[in-house]
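Dumped data27.pdb below, it's PDB, C-alpha atoms:
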```
MODEL        1
ATOM      1  CA  PRO A   1      -4.077  45.565 -25.196
ATOM      2  CA  LYS A   2      -7.008  44.002 -23.309
ATOM      3  CA  MET A   3      -5.254  44.314 -19.930
ATOM      4  CA  ILE A   4      -4.082  47.860 -20.700
ATOM      5  CA  LYS A   5      -7.669  48.897 -21.353
ATOM      6  CA  HIS A   6      -9.145  46.883 -18.466
ATOM      7  CA  PHE A   7      -6.812  48.403 -15.854
ATOM      8  CA  GLY A   8      -6.661  51.845 -17.492
ATOM      9  CA  LEU A   9      -2.867  51.752 -17.808
ATOM     10  CA  GLY A  10      -1.100  54.725 -19.297
ATOM     11  CA  ALA A  11       2.235  56.461 -19.590
ATOM     12  CA  ALA A  12       3.598  59.731 -18.263
ATOM     13  CA  PRO A  13       5.938  61.451 -20.729
ATOM     14  CA  ASP A  14       9.539  62.257 -19.873
ATOM     15  CA  ASP A  15       8.692  65.924 -19.348
ATOM     16  CA  TRP A  16       8.840  68.038 -16.187
ATOM     17  CA  HIS A  17       5.737  70.101 -17.031
ATOM     18  CA  ALA A  18       3.485  68.242 -19.498
ATOM     19  CA  LEU A  19       0.736  67.216 -17.069
ATOM     20  CA  GLY A  20       0.783  70.403 -15.003
ATOM     21  CA  ASP A  21       0.664  72.632 -18.086
ATOM     22  CA  HIS A  22      -2.150  70.554 -19.600
ATOM     23  CA  LEU A  23      -4.293  70.565 -16.453
ATOM     24  CA  ILE A  24      -3.730  74.276 -15.784
ATOM     25  CA  GLU A  25      -4.829  74.932 -19.378
ATOM     26  CA  LYS A  26      -7.985  72.912 -18.569
ATOM     27  CA  GLY A  27      -8.752  75.237 -15.655
ATOM     28  CA  PHE A  28      -7.208  73.500 -12.661
ATOM     29  CA  LYS A  29      -5.258  75.549 -10.143
ATOM     30  CA  ARG A  30      -1.669  74.784  -9.278
ATOM     31  CA  SER A  31      -2.678  74.422  -5.619
ATOM     32  CA  GLU A  32      -5.223  71.732  -6.578
ATOM     33  CA  LEU A  33      -2.602  69.784  -8.530
ATOM     34  CA  ILE A  34      -0.224  69.931  -5.579
ATOM     35  CA  ALA A  35      -2.974  68.806  -3.167
ATOM     36  CA  ALA A  36      -3.744  65.889  -5.511
ATOM     37  CA  ASN A  37      -0.038  64.921  -5.636
ATOM     38  CA  LEU A  38       0.087  65.380  -9.396
ATOM     39  CA  MET A  39       2.477  68.319  -9.146
ATOM     40  CA  ARG A  40       5.227  69.076  -6.657
ATOM     41  CA  VAL A  41       7.067  72.210  -5.628
ATOM     42  CA  SER A  42      10.648  72.743  -4.557
ATOM     43  CA  GLU A  43      12.411  75.877  -3.386
ATOM     44  CA  LYS A  44      15.914  76.907  -4.294
ATOM     45  CA  ASN A  45      17.437  80.271  -3.464
ATOM     46  CA  GLY A  46      14.033  81.626  -2.457
ATOM     47  CA  LYS A  47      12.418  80.716  -5.778
ATOM     48  CA  LYS A  48       9.664  78.108  -6.182
ATOM     49  CA  TYR A  49       9.882  75.501  -8.929
ATOM     50  CA  TYR A  50       6.809  73.491  -9.903
ATOM     51  CA  TYR A  51       7.099  70.139 -11.649
ATOM     52  CA  ASP A  52       5.068  67.029 -12.495
ATOM     53  CA  ALA A  53       5.199  64.309  -9.841
ATOM     54  CA  PHE A  54       5.047  61.527 -12.441
ATOM     55  CA  ARG A  55       7.508  61.612 -15.348
ATOM     56  CA  ALA A  56       8.703  58.847 -17.689
ATOM     57  CA  LYS A  57       6.577  56.218 -15.966
ATOM     58  CA  VAL A  58       4.095  53.489 -16.730
ATOM     59  CA  MET A  59       0.990  54.687 -14.900
ATOM     60  CA  TYR A  60      -1.399  52.563 -12.852
ATOM     61  CA  PRO A  61      -4.630  54.252 -11.761
ATOM     62  CA  VAL A  62      -5.922  53.337  -8.315
ATOM     63  CA  ILE A  63      -9.681  52.990  -8.587
ATOM     64  CA  ASP A  64     -11.932  52.969  -5.540
ATOM     65  CA  LEU A  65     -14.922  50.679  -5.062
ATOM     66  CA  ARG A  66     -17.249  53.211  -6.714
ATOM     67  CA  GLY A  67     -15.116  53.316  -9.860
ATOM     68  CA  ASN A  68     -13.399  56.656  -9.219
ATOM     69  CA  VAL A  69      -9.705  57.150  -9.906
ATOM     70  CA  VAL A  70      -8.376  58.327  -6.535
ATOM     71  CA  ALA A  71      -4.603  57.931  -6.930
ATOM     72  CA  PHE A  72      -1.795  56.738  -9.185
ATOM     73  CA  GLY A  73       1.227  54.521  -9.066
ATOM     74  CA  GLY A  74       4.074  54.985 -11.506
ATOM     75  CA  ARG A  75       6.921  52.660 -12.487
ATOM     76  CA  VAL A  76      10.102  53.738 -14.227
ATOM     77  CA  LEU A  77      10.821  52.441 -17.705
ATOM     78  CA  ASP A  78      14.559  52.093 -17.103
ATOM     79  CA  ASN A  79      16.799  51.186 -14.159
ATOM     80  CA  SER A  80      16.554  54.565 -12.407
ATOM     81  CA  LYS A  81      15.534  54.879  -8.778
ATOM     82  CA  PRO A  82      13.084  54.927  -7.189
ATOM     83  CA  LYS A  83      11.534  52.142  -9.218
ATOM     84  CA  TYR A  84       7.990  53.022  -8.108
ATOM     85  CA  ILE A  85       6.358  56.208  -6.910
ATOM     86  CA  ASN A  86       2.845  56.387  -5.535
ATOM     87  CA  THR A  87       0.374  59.116  -4.756
ATOM     88  CA  SER A  88       0.662  60.193  -1.139
ATOM     89  CA  ASP A  89      -2.427  60.392   1.027
ATOM     90  CA  THR A  90      -4.921  63.081   0.004
ATOM     91  CA  LEU A  91      -8.414  64.162   1.054
ATOM     92  CA  VAL A  92      -9.921  61.372  -1.098
ATOM     93  CA  TYR A  93      -7.231  58.706  -0.805
ATOM     94  CA  LYS A  94      -5.499  56.957   2.054
ATOM     95  CA  LYS A  95      -3.280  54.172   0.767
ATOM     96  CA  SER A  96      -3.636  52.090   3.926
ATOM     97  CA  ASN A  97      -7.404  51.924   3.217
ATOM     98  CA  GLU A  98      -7.267  50.924  -0.463
ATOM     99  CA  LEU A  99      -6.209  47.885  -2.473
ATOM    100  CA  PHE A 100      -5.221  47.871  -6.122
ATOM    101  CA  ALA A 101      -7.918  46.183  -8.262
ATOM    102  CA  LEU A 102     -10.418  45.494  -5.457
ATOM    103  CA  ASN A 103     -12.952  47.222  -7.691
ATOM    104  CA  PHE A 104     -12.614  44.185 -10.017
ATOM    105  CA  ALA A 105     -11.797  41.435  -7.507
ATOM    106  CA  LYS A 106     -14.888  42.052  -5.384
ATOM    107  CA  ASN A 107     -17.089  40.798  -8.245
ATOM    108  CA  GLY A 108     -15.072  37.771  -9.349
ATOM    109  CA  ASN A 109     -13.818  36.421  -6.075
ATOM    110  CA  ASP A 110     -15.091  32.828  -6.139
ATOM    111  CA  ARG A 111     -15.313  33.209  -2.335
ATOM    112  CA  LYS A 112     -11.569  33.921  -2.104
ATOM    113  CA  ILE A 113      -9.291  36.821  -2.847
ATOM    114  CA  ILE A 114      -5.678  36.398  -3.899
ATOM    115  CA  LEU A 115      -3.340  38.938  -2.322
ATOM    116  CA  CYS A 116      -0.103  39.547  -4.215
ATOM    117  CA  GLU A 117       2.625  42.181  -3.961
ATOM    118  CA  GLY A 118       2.158  44.701  -6.724
ATOM    119  CA  TYR A 119       0.434  46.115  -9.762
ATOM    120  CA  MET A 120       2.106  43.885 -12.328
ATOM    121  CA  ASP A 121       1.472  40.765 -10.233
ATOM    122  CA  VAL A 122      -2.241  41.614 -10.174
ATOM    123  CA  ILE A 123      -2.297  42.239 -13.920
ATOM    124  CA  ALA A 124      -0.370  39.051 -14.799
ATOM    125  CA  ILE A 125      -2.537  36.840 -12.583
ATOM    126  CA  ASN A 126      -5.665  38.526 -13.930
ATOM    127  CA  GLN A 127      -4.474  37.908 -17.486
ATOM    128  CA  ALA A 128      -4.140  34.210 -16.582
ATOM    129  CA  GLY A 129      -7.869  34.192 -15.828
ATOM    130  CA  PHE A 130      -8.089  35.000 -12.123
ATOM    131  CA  GLU A 131     -10.063  38.184 -11.527
ATOM    132  CA  ASN A 132     -10.032  37.885  -7.733
ATOM    133  CA  VAL A 133      -6.582  39.442  -7.242
ATOM    134  CA  VAL A 134      -5.559  42.529  -5.256
ATOM    135  CA  ALA A 135      -2.375  44.173  -3.995
ATOM    136  CA  PRO A 136      -1.607  46.666  -1.239
ATOM    137  CA  LEU A 137      -0.431  50.044  -2.498
ATOM    138  CA  GLY A 138       3.249  50.441  -1.706
ATOM    139  CA  THR A 139       2.647  49.525   1.916
ATOM    140  CA  ALA A 140       2.658  46.418   4.034
ATOM    141  CA  LEU A 141      -0.787  44.911   4.426
ATOM    142  CA  THR A 142      -2.726  46.979   6.965
ATOM    143  CA  SER A 143      -5.563  46.025   9.311
ATOM    144  CA  GLU A 144      -7.785  48.466   7.370
ATOM    145  CA  GLN A 145      -7.059  46.581   4.145
ATOM    146  CA  VAL A 146      -7.780  43.225   5.803
ATOM    147  CA  ASN A 147     -11.098  44.615   7.076
ATOM    148  CA  LEU A 148     -11.908  45.853   3.583
ATOM    149  CA  ILE A 149     -11.145  42.459   1.999
ATOM    150  CA  SER A 150     -13.235  40.707   4.664
ATOM    151  CA  ARG A 151     -16.337  42.480   3.333
ATOM    152  CA  TYR A 152     -16.000  40.420   0.153
ATOM    153  CA  THR A 153     -14.480  37.119   1.235
ATOM    154  CA  LYS A 154     -13.616  34.962   4.200
ATOM    155  CA  GLU A 155     -10.573  33.410   2.526
ATOM    156  CA  ILE A 156      -7.425  35.266   1.505
ATOM    157  CA  VAL A 157      -4.801  33.433  -0.520
ATOM    158  CA  LEU A 158      -1.336  34.952  -0.062
ATOM    159  CA  MET A 159       0.699  34.880  -3.254
ATOM    160  CA  LEU A 160       3.798  36.865  -2.403
ATOM    161  CA  ASP A 161       7.272  36.733  -3.918
ATOM    162  CA  ALA A 162       9.733  34.113  -2.695
ATOM    163  CA  ASP A 163      12.342  36.788  -1.944
ATOM    164  CA  THR A 164      13.185  38.038   1.553
ATOM    165  CA  ALA A 165      10.654  40.880   1.425
ATOM    166  CA  GLY A 166       7.866  38.531   0.327
ATOM    167  CA  GLN A 167       8.662  36.002   3.028
ATOM    168  CA  LYS A 168       8.670  38.723   5.714
ATOM    169  CA  ALA A 169       5.332  39.960   4.423
ATOM    170  CA  ILE A 170       3.858  36.465   4.655
ATOM    171  CA  LYS A 171       4.989  36.180   8.278
ATOM    172  CA  ARG A 172       3.522  39.602   9.136
ATOM    173  CA  ALA A 173       0.224  38.779   7.425
ATOM    174  CA  SER A 174      -0.187  35.333   9.003
TER     175      SER A 174
ENDMDL
END
```

Could you quickly redo this structure as structure tokens?
Amino acid sequence: PKMIKHFGLGAAPDDWHALGDHLIEKGFKRSELIAANLMRVSEKNGKKYYYDAFRAKVMYPVIDLRGNVVAFGGRVLDNSKPKYINTSDTLVYKKSNELFALNFAKNGNDRKIILCEGYMDVIAINQAGFENVVAPLGTALTSEQVNLISRYTKEIVLMLDADTAGQKAIKRAS
């Protein structure tokens, strides 16, 4: 419960319209929800269909350095594919410029920042007592992210998975 609250974790219901209907009822326009990547549109036989981008997912808010939620990541609760979906770039969010949990890690970095692969890695390591942990957002580590980290530390500890993808990422980041 402490980690759920700390990271603002949530859940998207298994419903095609729950979020869109709720936000439209609150006064948001469909076009705004599409621009924010919360709703998507598809066309079939000349008719438009609107649906929630995140359904039946554990939700991870991406919080910028000022404390604003600027994007979301979602993970399926079963074995369906894709396993993760992430907010695409918007006017307020560019995933190559952000790191998950940097808003926390920048304050507890002990002059180092641990870079791991994903949301759950960050949360698990944080739960073990290390608050100086971040992860890229569904992308390989970018030069923009390295520049961002360098504002807060001079030492980055790579803690990536031992699988093929993790090993390739270590080589690219070195």

Problem set entry | Polymer residues at most 12 Å from (-15.3, 39.2, 0.8) by all atoms listed in the file, as a ChimeraX atom specification | /A:102-103,105-114,132-134,145-156

Hey, which bits of stretch 9-79 of chain A sit within 9 Å of stretch 95-100 of chain A, and for each residue what's the closest pair of atoms and how far apart in Å (one decimal), counting only C-alpha atoms, rows by chain and increasing number, as JSON lines?
```
{"residue": "A:Pro61", "atom": "CA", "partner": "A:Phe100", "partner_atom": "CA", "distance": 8.5}
{"residue": "A:Val62", "atom": "CA", "partner": "A:Phe100", "partner_atom": "CA", "distance": 5.9}
{"residue": "A:Ile63", "atom": "CA", "partner": "A:Phe100", "partner_atom": "CA", "distance": 7.2}
{"residue": "A:Asp64", "atom": "CA", "partner": "A:Glu98", "partner_atom": "CA", "distance": 7.2}
{"residue": "A:Leu65", "atom": "CA", "partner": "A:Glu98", "partner_atom": "CA", "distance": 8.9}
{"residue": "A:Ala71", "atom": "CA", "partner": "A:Lys95", "partner_atom": "CA", "distance": 8.7}
```

Problem set entry | stretch 12-19 of chain A environment, 7 Å, all atoms listed in the file, sequence neighbours closer than 5 positions dropped, as an MDAnalysis selection string | chainID A and resid 51:52 54:59

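Across the model, the gap from atom CA of A:Cys116 to atom CA of A:Pro136 is 7.9 Å.
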
Problem set entry | One-decimal distance in Å that lies between atom CA of A:Leu137 and atom CA of A:Val76 | 16.2 Å

For this session: On this file, the PyMOL selection byres ((chain A and resi 158) around 6) gives some set of residues; write that set as JSON, numbers by chain.
Result: {"A": [114, 115, 157, 159, 160]}

For this session: Take atom CA of A:Asn86 and atom CA of A:Gly27 and report the distance between them in Å, one decimal.
Result: 24.3 Å

Exercise. Using all atoms listed in the file, which of the listed residues (A:Gly73, A:Thr142, A:Gly46, A:Asn68) sits closest to A:Met120?
Worked result: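 The answer is A:Gly73, which sits nearest to A:Met120.
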
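For the residues A:Ser143, A:Ser88, A:Asn79, A:Gln127, ranking by smallest atom-to-atom distance to A:Ala35 using all atoms listed in the file places A:Ser88 first.
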
For this session: Would you please work out which residue, of A:Glu25, A:Tyr60, A:Leu77, A:Gly67, is nearest to A:Gly118 when using all atoms listed in the file?
Result: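 For A:Gly118, the nearest of the candidates is A:Tyr60.
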
For this session: Run the PyMOL selection byres ((chain A and resi 40) around 9) against the file shown and list the residues it catches, as a list in words.
Result: Leu33, Ile34, Ala35, Asn37, Leu38, Met39, Val41, Ser42, Tyr49, Tyr50, Tyr51, Asp52 and Ala53 of chain A

Using C-alpha atoms, can you export the residues from the last selection as a PDB file, in the coordinates of the input?
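Contents of the output file result_32.pdb:
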```
ATOM      1  CA  LEU A  33      -2.602  69.784  -8.530  1.00  0.00           C
ATOM      2  CA  ILE A  34      -0.224  69.931  -5.579  1.00  0.00           C
ATOM      3  CA  ALA A  35      -2.974  68.806  -3.167  1.00  0.00           C
ATOM      4  CA  ASN A  37      -0.038  64.921  -5.636  1.00  0.00           C
ATOM      5  CA  LEU A  38       0.087  65.380  -9.396  1.00  0.00           C
ATOM      6  CA  MET A  39       2.477  68.319  -9.146  1.00  0.00           C
ATOM      7  CA  VAL A  41       7.067  72.210  -5.628  1.00  0.00           C
ATOM      8  CA  SER A  42      10.648  72.743  -4.557  1.00  0.00           C
ATOM      9  CA  TYR A  49       9.882  75.501  -8.929  1.00  0.00           C
ATOM     10  CA  TYR A  50       6.809  73.491  -9.903  1.00  0.00           C
ATOM     11  CA  TYR A  51       7.099  70.139 -11.649  1.00  0.00           C
ATOM     12  CA  ASP A  52       5.068  67.029 -12.495  1.00  0.00           C
ATOM     13  CA  ALA A  53       5.199  64.309  -9.841  1.00  0.00           C
TER      14      ALA A  53
END
```

Padding 3 Å on each side, edges along x, y and z: where is the centre of the box around the listed atoms of stretch 57-75 of chain A, and how long are its edges in Å to one decimal? Output it as AutoDock Vina command-line options.
```
--center_x -5.2 --center_y 54.5 --center_z -10.9 --size_x 30.2 --size_y 13.6 --size_z 17.7
```

Problem set entry | Nearest to A:Thr90, chosen from A:Glu117, A:Glu32, A:Ala135, A:Lys47, with only C-alpha atoms counted in the distances |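 Ranking A:Glu117, A:Glu32, A:Ala135, A:Lys47 by distance to A:Thr90, first place goes to A:Glu32.
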
Problem set entry | Closest of A:Leu23, A:Lys168, A:Asp78, A:Ala101 to A:Phe130 - atom-to-atom distances counting only C-alpha atoms |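 With only C-alpha atoms as the atom set, the closest residue is A:Ala101.
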
Would you mind writing stretch 133-163 of chain A with N, CA and C atoms, as a PDB file, in the coordinates of the input?
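Listed below is the output, out.pdb:
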```
ATOM      1  N   VAL A 133      -7.947  39.145  -7.674  1.00  0.00           N
ATOM      2  CA  VAL A 133      -6.582  39.442  -7.242  1.00  0.00           C
ATOM      3  C   VAL A 133      -6.467  40.909  -6.851  1.00  0.00           C
ATOM      4  N   VAL A 134      -5.788  41.165  -5.728  1.00  0.00           N
ATOM      5  CA  VAL A 134      -5.559  42.529  -5.256  1.00  0.00           C
ATOM      6  C   VAL A 134      -4.123  42.656  -4.763  1.00  0.00           C
ATOM      7  N   ALA A 135      -3.700  43.898  -4.566  1.00  0.00           N
ATOM      8  CA  ALA A 135      -2.375  44.173  -3.995  1.00  0.00           C
ATOM      9  C   ALA A 135      -2.464  45.414  -3.122  1.00  0.00           C
ATOM     10  N   PRO A 136      -1.704  45.429  -2.009  1.00  0.00           N
ATOM     11  CA  PRO A 136      -1.607  46.666  -1.239  1.00  0.00           C
ATOM     12  C   PRO A 136      -0.865  47.711  -2.065  1.00  0.00           C
ATOM     13  N   LEU A 137      -0.949  48.948  -1.676  1.00  0.00           N
ATOM     14  CA  LEU A 137      -0.431  50.044  -2.498  1.00  0.00           C
ATOM     15  C   LEU A 137       0.856  50.625  -1.926  1.00  0.00           C
ATOM     16  N   GLY A 138       1.958  49.937  -2.151  1.00  0.00           N
ATOM     17  CA  GLY A 138       3.249  50.441  -1.706  1.00  0.00           C
ATOM     18  C   GLY A 138       3.424  50.385  -0.206  1.00  0.00           C
ATOM     19  N   THR A 139       2.557  49.645   0.467  1.00  0.00           N
ATOM     20  CA  THR A 139       2.647  49.525   1.916  1.00  0.00           C
ATOM     21  C   THR A 139       2.563  48.054   2.285  1.00  0.00           C
ATOM     22  N   ALA A 140       2.926  47.752   3.508  1.00  0.00           N
ATOM     23  CA  ALA A 140       2.658  46.418   4.034  1.00  0.00           C
ATOM     24  C   ALA A 140       1.148  46.315   4.211  1.00  0.00           C
ATOM     25  N   LEU A 141       0.632  45.123   4.240  1.00  0.00           N
ATOM     26  CA  LEU A 141      -0.787  44.911   4.426  1.00  0.00           C
ATOM     27  C   LEU A 141      -1.219  45.499   5.767  1.00  0.00           C
ATOM     28  N   THR A 142      -2.263  46.319   5.742  1.00  0.00           N
ATOM     29  CA  THR A 142      -2.726  46.979   6.965  1.00  0.00           C
ATOM     30  C   THR A 142      -3.996  46.313   7.484  1.00  0.00           C
ATOM     31  N   SER A 143      -4.322  46.565   8.739  1.00  0.00           N
ATOM     32  CA  SER A 143      -5.563  46.025   9.311  1.00  0.00           C
ATOM     33  C   SER A 143      -6.774  46.609   8.586  1.00  0.00           C
ATOM     34  N   GLU A 144      -6.681  47.866   8.132  1.00  0.00           N
ATOM     35  CA  GLU A 144      -7.785  48.466   7.370  1.00  0.00           C
ATOM     36  C   GLU A 144      -8.006  47.717   6.059  1.00  0.00           C
ATOM     37  N   GLN A 145      -6.929  47.318   5.398  1.00  0.00           N
ATOM     38  CA  GLN A 145      -7.059  46.581   4.145  1.00  0.00           C
ATOM     39  C   GLN A 145      -7.640  45.190   4.388  1.00  0.00           C
ATOM     40  N   VAL A 146      -7.229  44.538   5.462  1.00  0.00           N
ATOM     41  CA  VAL A 146      -7.780  43.225   5.803  1.00  0.00           C
ATOM     42  C   VAL A 146      -9.275  43.358   6.079  1.00  0.00           C
ATOM     43  N   ASN A 147      -9.673  44.389   6.819  1.00  0.00           N
ATOM     44  CA  ASN A 147     -11.098  44.615   7.076  1.00  0.00           C
ATOM     45  C   ASN A 147     -11.864  44.856   5.785  1.00  0.00           C
ATOM     46  N   LEU A 148     -11.273  45.588   4.867  1.00  0.00           N
ATOM     47  CA  LEU A 148     -11.908  45.853   3.583  1.00  0.00           C
ATOM     48  C   LEU A 148     -12.093  44.558   2.790  1.00  0.00           C
ATOM     49  N   ILE A 149     -11.056  43.742   2.714  1.00  0.00           N
ATOM     50  CA  ILE A 149     -11.145  42.459   1.999  1.00  0.00           C
ATOM     51  C   ILE A 149     -12.214  41.579   2.634  1.00  0.00           C
ATOM     52  N   SER A 150     -12.302  41.594   3.961  1.00  0.00           N
ATOM     53  CA  SER A 150     -13.235  40.707   4.664  1.00  0.00           C
ATOM     54  C   SER A 150     -14.700  41.014   4.346  1.00  0.00           C
ATOM     55  N   ARG A 151     -14.969  42.182   3.774  1.00  0.00           N
ATOM     56  CA  ARG A 151     -16.337  42.480   3.333  1.00  0.00           C
ATOM     57  C   ARG A 151     -16.737  41.614   2.136  1.00  0.00           C
ATOM     58  N   TYR A 152     -15.734  41.121   1.405  1.00  0.00           N
ATOM     59  CA  TYR A 152     -16.000  40.420   0.153  1.00  0.00           C
ATOM     60  C   TYR A 152     -15.615  38.955   0.171  1.00  0.00           C
ATOM     61  N   THR A 153     -14.890  38.517   1.184  1.00  0.00           N
ATOM     62  CA  THR A 153     -14.480  37.119   1.235  1.00  0.00           C
ATOM     63  C   THR A 153     -14.099  36.746   2.658  1.00  0.00           C
ATOM     64  N   LYS A 154     -14.097  35.469   2.908  1.00  0.00           N
ATOM     65  CA  LYS A 154     -13.616  34.962   4.200  1.00  0.00           C
ATOM     66  C   LYS A 154     -12.271  34.252   4.023  1.00  0.00           C
ATOM     67  N   GLU A 155     -11.826  34.116   2.784  1.00  0.00           N
ATOM     68  CA  GLU A 155     -10.573  33.410   2.526  1.00  0.00           C
ATOM     69  C   GLU A 155      -9.637  34.281   1.685  1.00  0.00           C
ATOM     70  N   ILE A 156      -8.450  34.505   2.217  1.00  0.00           N
ATOM     71  CA  ILE A 156      -7.425  35.266   1.505  1.00  0.00           C
ATOM     72  C   ILE A 156      -6.285  34.321   1.185  1.00  0.00           C
ATOM     73  N   VAL A 157      -5.920  34.252  -0.082  1.00  0.00           N
ATOM     74  CA  VAL A 157      -4.801  33.433  -0.520  1.00  0.00           C
ATOM     75  C   VAL A 157      -3.601  34.352  -0.702  1.00  0.00           C
ATOM     76  N   LEU A 158      -2.541  34.132   0.061  1.00  0.00           N
ATOM     77  CA  LEU A 158      -1.336  34.952  -0.062  1.00  0.00           C
ATOM     78  C   LEU A 158      -0.468  34.407  -1.184  1.00  0.00           C
ATOM     79  N   MET A 159      -0.145  35.258  -2.140  1.00  0.00           N
ATOM     80  CA  MET A 159       0.699  34.880  -3.254  1.00  0.00           C
ATOM     81  C   MET A 159       1.789  35.942  -3.374  1.00  0.00           C
ATOM     82  N   LEU A 160       2.744  35.870  -2.459  1.00  0.00           N
ATOM     83  CA  LEU A 160       3.798  36.865  -2.403  1.00  0.00           C
ATOM     84  C   LEU A 160       5.087  36.285  -2.964  1.00  0.00           C
ATOM     85  N   ASP A 161       6.012  37.162  -3.327  1.00  0.00           N
ATOM     86  CA  ASP A 161       7.272  36.733  -3.918  1.00  0.00           C
ATOM     87  C   ASP A 161       8.058  35.859  -2.949  1.00  0.00           C
ATOM     88  N   ALA A 162       8.913  35.013  -3.506  1.00  0.00           N
ATOM     89  CA  ALA A 162       9.733  34.113  -2.695  1.00  0.00           C
ATOM     90  C   ALA A 162      10.982  34.794  -2.152  1.00  0.00           C
ATOM     91  N   ASP A 163      11.160  36.083  -2.448  1.00  0.00           N
ATOM     92  CA  ASP A 163      12.342  36.788  -1.944  1.00  0.00           C
ATOM     93  C   ASP A 163      12.177  37.117  -0.460  1.00  0.00           C
TER      94      ASP A 163
END
```
